[in-house]
>>> print(open('my_file_25.tsv').read())   # TSV, N, CA and C atoms
chain	number	residue	atom	x	y	z
A	626	MET	N	-7.58	2.09	-8.25
A	626	MET	CA	-6.76	1.15	-7.55
A	626	MET	C	-7.52	-0.16	-7.30
A	627	LEU	N	-8.80	-0.07	-7.02
A	627	LEU	CA	-9.60	-1.27	-6.84
A	627	LEU	C	-10.23	-1.66	-8.15
A	628	ALA	N	-10.09	-2.89	-8.52
A	628	ALA	CA	-10.71	-3.37	-9.75
A	628	ALA	C	-11.97	-4.13	-9.39
A	629	GLU	N	-13.04	-3.87	-10.10
A	629	GLU	CA	-14.32	-4.50	-9.80
A	629	GLU	C	-14.62	-5.68	-10.71
A	630	SER	N	-13.73	-5.99	-11.61
A	630	SER	CA	-13.99	-7.11	-12.52
A	630	SER	C	-13.75	-8.43	-11.80
A	631	GLU	N	-14.20	-9.50	-12.42
A	631	GLU	CA	-14.00	-10.81	-11.83
A	631	GLU	C	-12.53	-11.19	-11.75
A	632	THR	N	-11.77	-10.78	-12.75
A	632	THR	CA	-10.34	-11.06	-12.70
A	632	THR	C	-9.57	-9.84	-13.14
A	633	ALA	N	-8.41	-9.69	-12.60
A	633	ALA	CA	-7.50	-8.62	-13.01
A	633	ALA	C	-6.12	-9.25	-13.06
A	634	GLY	N	-5.68	-9.57	-14.24
A	634	GLY	CA	-4.42	-10.31	-14.34
A	634	GLY	C	-4.66	-11.70	-13.80
A	635	LYS	N	-3.91	-12.09	-12.79
A	635	LYS	CA	-4.07	-13.40	-12.19
A	635	LYS	C	-4.91	-13.33	-10.92
A	636	GLY	N	-5.35	-12.14	-10.53
A	636	GLY	CA	-6.10	-11.97	-9.30
A	636	GLY	C	-7.57	-12.27	-9.47
A	637	THR	N	-8.26	-12.31	-8.35
A	637	THR	CA	-9.71	-12.45	-8.35
A	637	THR	C	-10.29	-11.14	-7.87
A	638	LYS	N	-11.59	-11.05	-7.84
A	638	LYS	CA	-12.24	-9.81	-7.42
A	638	LYS	C	-11.78	-9.39	-6.03
A	639	SER	N	-11.59	-10.33	-5.13
A	639	SER	CA	-11.20	-10.00	-3.77
A	639	SER	C	-9.72	-9.64	-3.67
A	640	PHE	N	-8.95	-9.91	-4.68
A	640	PHE	CA	-7.51	-9.66	-4.63
A	640	PHE	C	-7.06	-8.65	-5.68
A	641	ALA	N	-8.00	-8.02	-6.36
A	641	ALA	CA	-7.65	-7.13	-7.47
A	641	ALA	C	-7.03	-5.83	-6.97
A	642	VAL	N	-5.85	-5.53	-7.48
A	642	VAL	CA	-5.16	-4.28	-7.19
A	642	VAL	C	-4.53	-3.82	-8.49
A	643	CYS	N	-4.91	-2.64	-8.95
A	643	CYS	CA	-4.33	-2.11	-10.18
A	643	CYS	C	-3.02	-1.41	-9.85
A	644	LEU	N	-2.01	-1.68	-10.64
A	644	LEU	CA	-0.72	-1.06	-10.44
A	644	LEU	C	-0.46	-0.08	-11.57
A	645	PHE	N	-0.19	1.17	-11.21
A	645	PHE	CA	0.16	2.17	-12.20
A	645	PHE	C	0.93	3.28	-11.51
A	646	ASP	N	1.53	4.14	-12.30
A	646	ASP	CA	2.34	5.22	-11.75
A	646	ASP	C	1.46	6.44	-11.50
A	647	LYS	N	0.70	6.38	-10.45
A	647	LYS	CA	-0.26	7.44	-10.12
A	647	LYS	C	0.45	8.75	-9.79
A	648	ASP	N	1.64	8.68	-9.21
A	648	ASP	CA	2.35	9.89	-8.80
A	648	ASP	C	2.58	10.83	-9.97
A	649	LYS	N	3.08	10.32	-11.07
A	649	LYS	CA	3.36	11.16	-12.23
A	649	LYS	C	2.08	11.68	-12.85
A	650	ASP	N	1.06	10.82	-12.94
A	650	ASP	CA	-0.20	11.22	-13.55
A	650	ASP	C	-0.91	12.28	-12.71
A	651	ALA	N	-0.89	12.14	-11.40
A	651	ALA	CA	-1.60	13.08	-10.53
A	651	ALA	C	-1.01	14.48	-10.59
A	652	GLU	N	0.29	14.57	-10.84
A	652	GLU	CA	0.91	15.89	-10.94
A	652	GLU	C	0.34	16.64	-12.14
A	653	ARG	N	0.02	15.93	-13.19
A	653	ARG	CA	-0.50	16.56	-14.40
A	653	ARG	C	-2.02	16.64	-14.39
A	654	LEU	N	-2.68	15.70	-13.74
A	654	LEU	CA	-4.14	15.62	-13.74
A	654	LEU	C	-4.68	15.59	-12.31
A	655	PRO	N	-4.98	16.74	-11.74
A	655	PRO	CA	-5.49	16.77	-10.36
A	655	PRO	C	-6.77	15.95	-10.18
A	656	SER	N	-7.49	15.69	-11.25
A	656	SER	CA	-8.72	14.89	-11.14
A	656	SER	C	-8.42	13.45	-10.71
A	657	LEU	N	-7.17	13.02	-10.80
A	657	LEU	CA	-6.80	11.67	-10.37
A	657	LEU	C	-6.55	11.58	-8.86
A	658	ILE	N	-6.60	12.70	-8.18
A	658	ILE	CA	-6.44	12.68	-6.73
A	658	ILE	C	-7.77	12.28	-6.12
A	659	TRP	N	-7.76	11.21	-5.33
A	659	TRP	CA	-9.00	10.64	-4.82
A	659	TRP	C	-9.43	11.30	-3.52
A	660	PRO	N	-10.75	11.42	-3.30
A	660	PRO	CA	-11.27	11.97	-2.05
A	660	PRO	C	-11.10	10.97	-0.91
A	661	LEU	N	-11.25	11.46	0.31
A	661	LEU	CA	-11.02	10.63	1.49
A	661	LEU	C	-11.85	9.34	1.51
A	662	PRO	N	-13.14	9.34	1.19
A	662	PRO	CA	-13.89	8.08	1.24
A	662	PRO	C	-13.30	7.00	0.32
A	663	VAL	N	-12.81	7.40	-0.84
A	663	VAL	CA	-12.19	6.44	-1.76
A	663	VAL	C	-10.87	5.94	-1.17
A	664	LEU	N	-10.11	6.82	-0.57
A	664	LEU	CA	-8.83	6.43	0.05
A	664	LEU	C	-9.07	5.47	1.21
A	665	GLN	N	-10.12	5.71	1.99
A	665	GLN	CA	-10.44	4.82	3.11
A	665	GLN	C	-10.85	3.44	2.60
A	666	LYS	N	-11.70	3.41	1.60
A	666	LYS	CA	-12.17	2.13	1.04
A	666	LYS	C	-11.00	1.35	0.44
A	667	THR	N	-10.13	2.04	-0.26
A	667	THR	CA	-8.98	1.38	-0.87
A	667	THR	C	-8.02	0.84	0.19
A	668	THR	N	-7.76	1.64	1.21
A	668	THR	CA	-6.88	1.19	2.30
A	668	THR	C	-7.45	-0.04	2.98
A	669	ASN	N	-8.74	-0.03	3.26
A	669	ASN	CA	-9.38	-1.19	3.90
A	669	ASN	C	-9.27	-2.43	3.02
A	670	HIS	N	-9.48	-2.26	1.72
A	670	HIS	CA	-9.37	-3.40	0.80
A	670	HIS	C	-7.94	-3.96	0.81
A	671	LEU	N	-6.96	-3.07	0.72
A	671	LEU	CA	-5.57	-3.52	0.67
A	671	LEU	C	-5.18	-4.25	1.96
A	672	LEU	N	-5.62	-3.74	3.09
A	672	LEU	CA	-5.25	-4.38	4.36
A	672	LEU	C	-5.99	-5.69	4.56
A	673	ARG	N	-7.19	-5.83	4.00
A	673	ARG	CA	-7.89	-7.13	4.07
A	673	ARG	C	-7.09	-8.21	3.35
A	674	LEU	N	-6.34	-7.82	2.33
A	674	LEU	CA	-5.54	-8.80	1.61
A	674	LEU	C	-4.49	-9.43	2.51
A	675	LEU	N	-4.02	-8.70	3.52
A	675	LEU	CA	-3.04	-9.26	4.44
A	675	LEU	C	-3.62	-10.44	5.21
A	676	GLY	N	-4.89	-10.39	5.52
A	676	GLY	CA	-5.54	-11.50	6.22
A	676	GLY	C	-5.68	-12.73	5.36
A	677	MET	N	-5.63	-12.53	4.04
A	677	MET	CA	-5.80	-13.65	3.12
A	677	MET	C	-4.54	-14.51	3.03
A	678	CYS	N	-3.37	-13.91	3.19
A	678	CYS	CA	-2.15	-14.71	3.04
A	678	CYS	C	-1.06	-14.19	3.98
A	679	TYR	N	-1.31	-14.35	5.24
A	679	TYR	CA	-0.34	-13.94	6.25
A	679	TYR	C	0.58	-15.12	6.53
A	680	ASP	N	1.45	-15.40	5.57
A	680	ASP	CA	2.38	-16.51	5.69
A	680	ASP	C	3.61	-16.19	4.84
A	681	GLU	N	4.18	-17.21	4.20
A	681	GLU	CA	5.39	-16.98	3.41
A	681	GLU	C	5.13	-16.09	2.20
A	682	GLU	N	3.88	-15.85	1.85
A	682	GLU	CA	3.54	-14.97	0.73
A	682	GLU	C	3.52	-13.50	1.13
A	683	LEU	N	3.77	-13.21	2.40
A	683	LEU	CA	3.69	-11.84	2.88
A	683	LEU	C	4.68	-10.92	2.17
A	684	LEU	N	5.88	-11.40	1.87
A	684	LEU	CA	6.87	-10.57	1.19
A	684	LEU	C	6.36	-10.13	-0.18
A	685	GLY	N	5.83	-11.06	-0.95
A	685	GLY	CA	5.29	-10.71	-2.26
A	685	GLY	C	4.12	-9.75	-2.15
A	686	LEU	N	3.27	-9.98	-1.16
A	686	LEU	CA	2.13	-9.09	-0.94
A	686	LEU	C	2.59	-7.71	-0.51
A	687	TYR	N	3.60	-7.65	0.33
A	687	TYR	CA	4.17	-6.35	0.73
A	687	TYR	C	4.65	-5.59	-0.50
A	688	ASN	N	5.35	-6.29	-1.39
A	688	ASN	CA	5.86	-5.63	-2.59
A	688	ASN	C	4.73	-5.13	-3.50
A	689	ILE	N	3.61	-5.82	-3.50
A	689	ILE	CA	2.46	-5.39	-4.29
A	689	ILE	C	1.76	-4.20	-3.64
A	690	LEU	N	1.61	-4.22	-2.32
A	690	LEU	CA	0.83	-3.20	-1.62
A	690	LEU	C	1.58	-1.91	-1.35
A	691	SER	N	2.89	-1.93	-1.40
A	691	SER	CA	3.67	-0.74	-1.05
A	691	SER	C	3.36	0.45	-1.94
A	692	ASP	N	3.29	0.26	-3.23
A	692	ASP	CA	3.04	1.38	-4.15
A	692	ASP	C	1.65	1.98	-3.98
A	693	PRO	N	0.59	1.17	-3.94
A	693	PRO	CA	-0.73	1.78	-3.71
A	693	PRO	C	-0.82	2.50	-2.36
A	694	MET	N	-0.17	1.95	-1.34
A	694	MET	CA	-0.19	2.62	-0.03
A	694	MET	C	0.51	3.98	-0.11
A	695	ARG	N	1.60	4.03	-0.83
A	695	ARG	CA	2.32	5.30	-1.00
A	695	ARG	C	1.45	6.30	-1.76
A	696	ALA	N	0.73	5.83	-2.77
A	696	ALA	CA	-0.15	6.72	-3.54
A	696	ALA	C	-1.26	7.28	-2.65
A	697	ILE	N	-1.78	6.47	-1.75
A	697	ILE	CA	-2.82	6.93	-0.83
A	697	ILE	C	-2.25	8.01	0.09
A	698	ARG	N	-1.06	7.78	0.62
A	698	ARG	CA	-0.43	8.79	1.49
A	698	ARG	C	-0.22	10.10	0.74
A	699	MET	N	0.21	10.00	-0.51
A	699	MET	CA	0.44	11.21	-1.30
A	699	MET	C	-0.87	11.97	-1.54
A	700	ASP	N	-1.96	11.25	-1.79
A	700	ASP	CA	-3.25	11.91	-1.99
A	700	ASP	C	-3.69	12.64	-0.73
A	701	LEU	N	-3.51	12.00	0.42
A	701	LEU	CA	-3.84	12.66	1.68
A	701	LEU	C	-3.00	13.91	1.87
A	702	LYS	N	-1.73	13.80	1.57
A	702	LYS	CA	-0.81	14.93	1.74
A	702	LYS	C	-1.15	16.07	0.79
A	703	MET	N	-1.43	15.75	-0.46
A	703	MET	CA	-1.72	16.79	-1.45
A	703	MET	C	-3.01	17.55	-1.13
A	704	GLN	N	-3.94	16.87	-0.49
A	704	GLN	CA	-5.21	17.50	-0.16
A	704	GLN	C	-5.20	18.15	1.23
A	705	HIS	N	-4.12	17.97	1.96
A	705	HIS	CA	-4.00	18.52	3.31
A	705	HIS	C	-5.16	18.08	4.19
A	706	ILE	N	-5.51	16.79	4.08
A	706	ILE	CA	-6.62	16.25	4.88
A	706	ILE	C	-6.09	15.88	6.25
A	707	SER	N	-6.73	16.40	7.29
A	707	SER	CA	-6.29	16.09	8.66
A	707	SER	C	-7.48	15.75	9.55
A	708	THR	N	-8.50	15.15	8.97
A	708	THR	CA	-9.68	14.75	9.72
A	708	THR	C	-9.42	13.43	10.45
A	709	LEU	N	-10.37	13.03	11.29
A	709	LEU	CA	-10.25	11.77	12.00
A	709	LEU	C	-10.13	10.61	11.00
A	710	GLY	N	-10.88	10.66	9.92
A	710	GLY	CA	-10.81	9.61	8.89
A	710	GLY	C	-9.41	9.48	8.30
A	711	ALA	N	-8.77	10.62	8.04
A	711	ALA	CA	-7.41	10.61	7.48
A	711	ALA	C	-6.42	10.06	8.51
A	712	ILE	N	-6.63	10.41	9.76
A	712	ILE	CA	-5.74	9.91	10.82
A	712	ILE	C	-5.86	8.39	10.93
A	713	LEU	N	-7.07	7.88	10.81
A	713	LEU	CA	-7.26	6.43	10.86
A	713	LEU	C	-6.59	5.73	9.68
A	714	VAL	N	-6.67	6.33	8.50
A	714	VAL	CA	-5.98	5.78	7.33
A	714	VAL	C	-4.48	5.74	7.60
A	715	ASP	N	-3.94	6.83	8.14
A	715	ASP	CA	-2.51	6.86	8.48
A	715	ASP	C	-2.16	5.80	9.51
A	716	GLU	N	-2.99	5.62	10.53
A	716	GLU	CA	-2.73	4.60	11.55
A	716	GLU	C	-2.70	3.21	10.94
A	717	HIS	N	-3.63	2.94	10.03
A	717	HIS	CA	-3.65	1.63	9.37
A	717	HIS	C	-2.38	1.41	8.55
A	718	MET	N	-1.91	2.45	7.90
A	718	MET	CA	-0.69	2.31	7.10
A	718	MET	C	0.53	2.12	7.99
A	719	ILE	N	0.56	2.81	9.12
A	719	ILE	CA	1.66	2.60	10.06
A	719	ILE	C	1.65	1.16	10.56
A	720	TRP	N	0.47	0.64	10.85
A	720	TRP	CA	0.35	-0.76	11.27
A	720	TRP	C	0.93	-1.68	10.19
A	721	PHE	N	0.60	-1.41	8.94
A	721	PHE	CA	1.11	-2.20	7.82
A	721	PHE	C	2.64	-2.20	7.80
A	722	HIS	N	3.25	-1.05	7.99
A	722	HIS	CA	4.71	-0.96	7.95
A	722	HIS	C	5.36	-1.57	9.19
A	723	VAL	N	4.73	-1.45	10.34
A	723	VAL	CA	5.26	-2.10	11.55
A	723	VAL	C	5.19	-3.61	11.40
A	724	LEU	N	4.07	-4.11	10.90
A	724	LEU	CA	3.92	-5.54	10.65
A	724	LEU	C	4.99	-6.02	9.67
A	725	ALA	N	5.19	-5.27	8.61
A	725	ALA	CA	6.19	-5.65	7.60
A	725	ALA	C	7.58	-5.69	8.22
A	726	MET	N	7.90	-4.68	9.02
A	726	MET	CA	9.23	-4.64	9.63
A	726	MET	C	9.44	-5.84	10.54
A	727	HIS	N	8.42	-6.18	11.31
A	727	HIS	CA	8.52	-7.30	12.24
A	727	HIS	C	8.63	-8.65	11.52
A	728	GLU	N	7.77	-8.85	10.54
A	728	GLU	CA	7.69	-10.16	9.89
A	728	GLU	C	8.72	-10.36	8.77
A	729	LEU	N	9.17	-9.29	8.14
A	729	LEU	CA	10.02	-9.44	6.95
A	729	LEU	C	11.47	-9.05	7.17
A	730	CYS	N	11.84	-8.69	8.39
A	730	CYS	CA	13.20	-8.21	8.63
A	730	CYS	C	14.27	-9.27	8.33
A	731	GLU	N	13.90	-10.52	8.29
A	731	GLU	CA	14.87	-11.58	8.03
A	731	GLU	C	15.24	-11.73	6.55
A	732	TYR	N	14.46	-11.12	5.67
A	732	TYR	CA	14.73	-11.23	4.24
A	732	TYR	C	15.83	-10.26	3.84
A	733	THR	N	16.84	-10.77	3.16
A	733	THR	CA	17.94	-9.93	2.69
A	733	THR	C	17.81	-9.74	1.19
A	734	ASN	N	18.73	-8.99	0.59
A	734	ASN	CA	18.64	-8.71	-0.84
A	734	ASN	C	19.33	-9.76	-1.70
A	735	GLU	N	19.48	-10.97	-1.21
A	735	GLU	CA	20.16	-12.02	-1.97
A	735	GLU	C	19.36	-12.47	-3.19
A	736	GLY	N	18.03	-12.39	-3.13
A	736	GLY	CA	17.20	-12.91	-4.21
A	736	GLY	C	16.84	-11.90	-5.27
A	737	GLY	N	17.33	-10.71	-5.20
A	737	GLY	CA	16.98	-9.69	-6.18
A	737	GLY	C	15.89	-8.77	-5.64
A	738	PRO	N	15.62	-7.70	-6.35
A	738	PRO	CA	14.70	-6.66	-5.87
A	738	PRO	C	13.30	-7.14	-5.51
A	739	SER	N	12.75	-8.11	-6.23
A	739	SER	CA	11.39	-8.54	-5.93
A	739	SER	C	11.35	-9.58	-4.81
A	740	GLU	N	12.49	-10.01	-4.33
A	740	GLU	CA	12.53	-11.08	-3.35
A	740	GLU	C	13.13	-10.64	-2.03
A	741	TRP	N	13.26	-9.35	-1.80
A	741	TRP	CA	13.84	-8.91	-0.55
A	741	TRP	C	13.08	-7.75	0.03
A	742	PHE	N	13.36	-7.49	1.28
A	742	PHE	CA	12.67	-6.46	2.03
A	742	PHE	C	13.70	-5.40	2.43
A	743	ASP	N	13.42	-4.15	2.14
A	743	ASP	CA	14.31	-3.04	2.48
A	743	ASP	C	13.75	-2.35	3.72
A	744	GLY	N	14.31	-2.68	4.88
A	744	GLY	CA	13.84	-2.11	6.13
A	744	GLY	C	13.98	-0.61	6.19
A	745	HIS	N	15.06	-0.07	5.61
A	745	HIS	CA	15.25	1.38	5.62
A	745	HIS	C	14.17	2.08	4.81
A	746	LEU	N	13.85	1.54	3.65
A	746	LEU	CA	12.79	2.11	2.82
A	746	LEU	C	11.45	2.00	3.53
A	747	ASN	N	11.21	0.88	4.20
A	747	ASN	CA	9.97	0.70	4.95
A	747	ASN	C	9.83	1.76	6.05
A	748	ILE	N	10.90	2.02	6.77
A	748	ILE	CA	10.85	3.05	7.82
A	748	ILE	C	10.62	4.42	7.22
A	749	GLU	N	11.26	4.69	6.09
A	749	GLU	CA	11.06	5.97	5.41
A	749	GLU	C	9.62	6.16	5.01
A	750	GLN	N	8.99	5.09	4.48
A	750	GLN	CA	7.58	5.17	4.10
A	750	GLN	C	6.69	5.34	5.33
A	751	MET	N	7.07	4.71	6.42
A	751	MET	CA	6.29	4.82	7.65
A	751	MET	C	6.35	6.23	8.21
A	752	ASN	N	7.50	6.87	8.09
A	752	ASN	CA	7.65	8.23	8.61
A	752	ASN	C	6.84	9.19	7.79
>>> encode(input="my_file_25.tsv", output="structure tokens")
Amino acid sequence: MLAESETAGKGTKSFAVCLFDKDKDAERLPSLIWPLPVLQKTTNHLLRLLGMCYDEELLGLYNILSDPMRAIRMDLKMQHISTLGAILVDEHMIWFHVLAMHELCEYTNEGGPSEWFDGHLNIEQMN
């Protein structure tokens, strides 16, 4: 999920996020399920990106971060991790979804799927 190269697509090293369908791959390849330290590091990296552009770009960033966040939650769930570290990762993700609900609730689906915020889906992911 974290790219260490200087550029990844249009991103820079500090903004690199790999997008792929981890859910389908992990079902077939358990080796793709990441351990807690990797999940913590990835979560911290993704949430630091929010500090970089907490403005009108938040909707686009939310759309980018939602899938990796869901993949992290699935990895925690598949491993049945319930340590303090896992709880902190969950708390950070809940914060992400609460922030999104508060800041993005005004966006409707008028601009198409990549330009709107689905509050119901956000609550479902938060639960």
>>> atom_distance(input="my_file_25.tsv", atom1="atom C of A:Ile719", atom2="atom CA of A:Pro655")
27.1 Å
>>> residues_around(input="my_file_25.tsv", residues="A:His722", least_positions_apart="6", cutoff="8 Å", atoms="only N, CA and C atoms", output="compact mmCIF listing (two decimals) with N, CA and C atoms, in the frame of the given file")
# COMPACT_ATOMS: atom_id res chain seq x y z
N GLU A 716 -2.99 5.62 10.53
CA GLU A 716 -2.73 4.60 11.55
C GLU A 716 -2.70 3.21 10.94
N GLU A 728 7.77 -8.85 10.54
CA GLU A 728 7.69 -10.16 9.89
C GLU A 728 8.72 -10.36 8.77
N ASN A 747 11.21 0.88 4.20
CA ASN A 747 9.97 0.70 4.95
C ASN A 747 9.83 1.76 6.05
N ILE A 748 10.90 2.02 6.77
CA ILE A 748 10.85 3.05 7.82
C ILE A 748 10.62 4.42 7.22
N GLN A 750 8.99 5.09 4.48
CA GLN A 750 7.58 5.17 4.10
C GLN A 750 6.69 5.34 5.33
N MET A 751 7.07 4.71 6.42
CA MET A 751 6.29 4.82 7.65
C MET A 751 6.35 6.23 8.21
>>> closest_residue(input="my_file_25.tsv", among="A:Thr667, A:Leu661, A:Asn752, A:Ser691", to="A:Ile706", atoms="only N, CA and C atoms")
A:Leu661
>>> atom_distance(input="my_file_25.tsv", atom1="atom N of A:Trp659", atom2="atom CA of A:Asn688")
21.8 Å
>>> residues_around(input="my_file_25.tsv", residues="A:Leu713", least_positions_apart="2", cutoff="12 Å", atoms="only C-alpha atoms", output="PyMOL selection string")
chain A and resi 661-662+664-666+668-669+698+701+706-711+715-720
>>> atom_distance(input="my_file_25.tsv", atom1="atom C of A:Arg673", atom2="atom C of A:Phe721")
12.3 Å
>>> closest_residue(input="my_file_25.tsv", among="A:Asp743, A:His670, A:Val714, A:Glu682", to="A:Ile697", atoms="only C-alpha atoms")
A:Val714
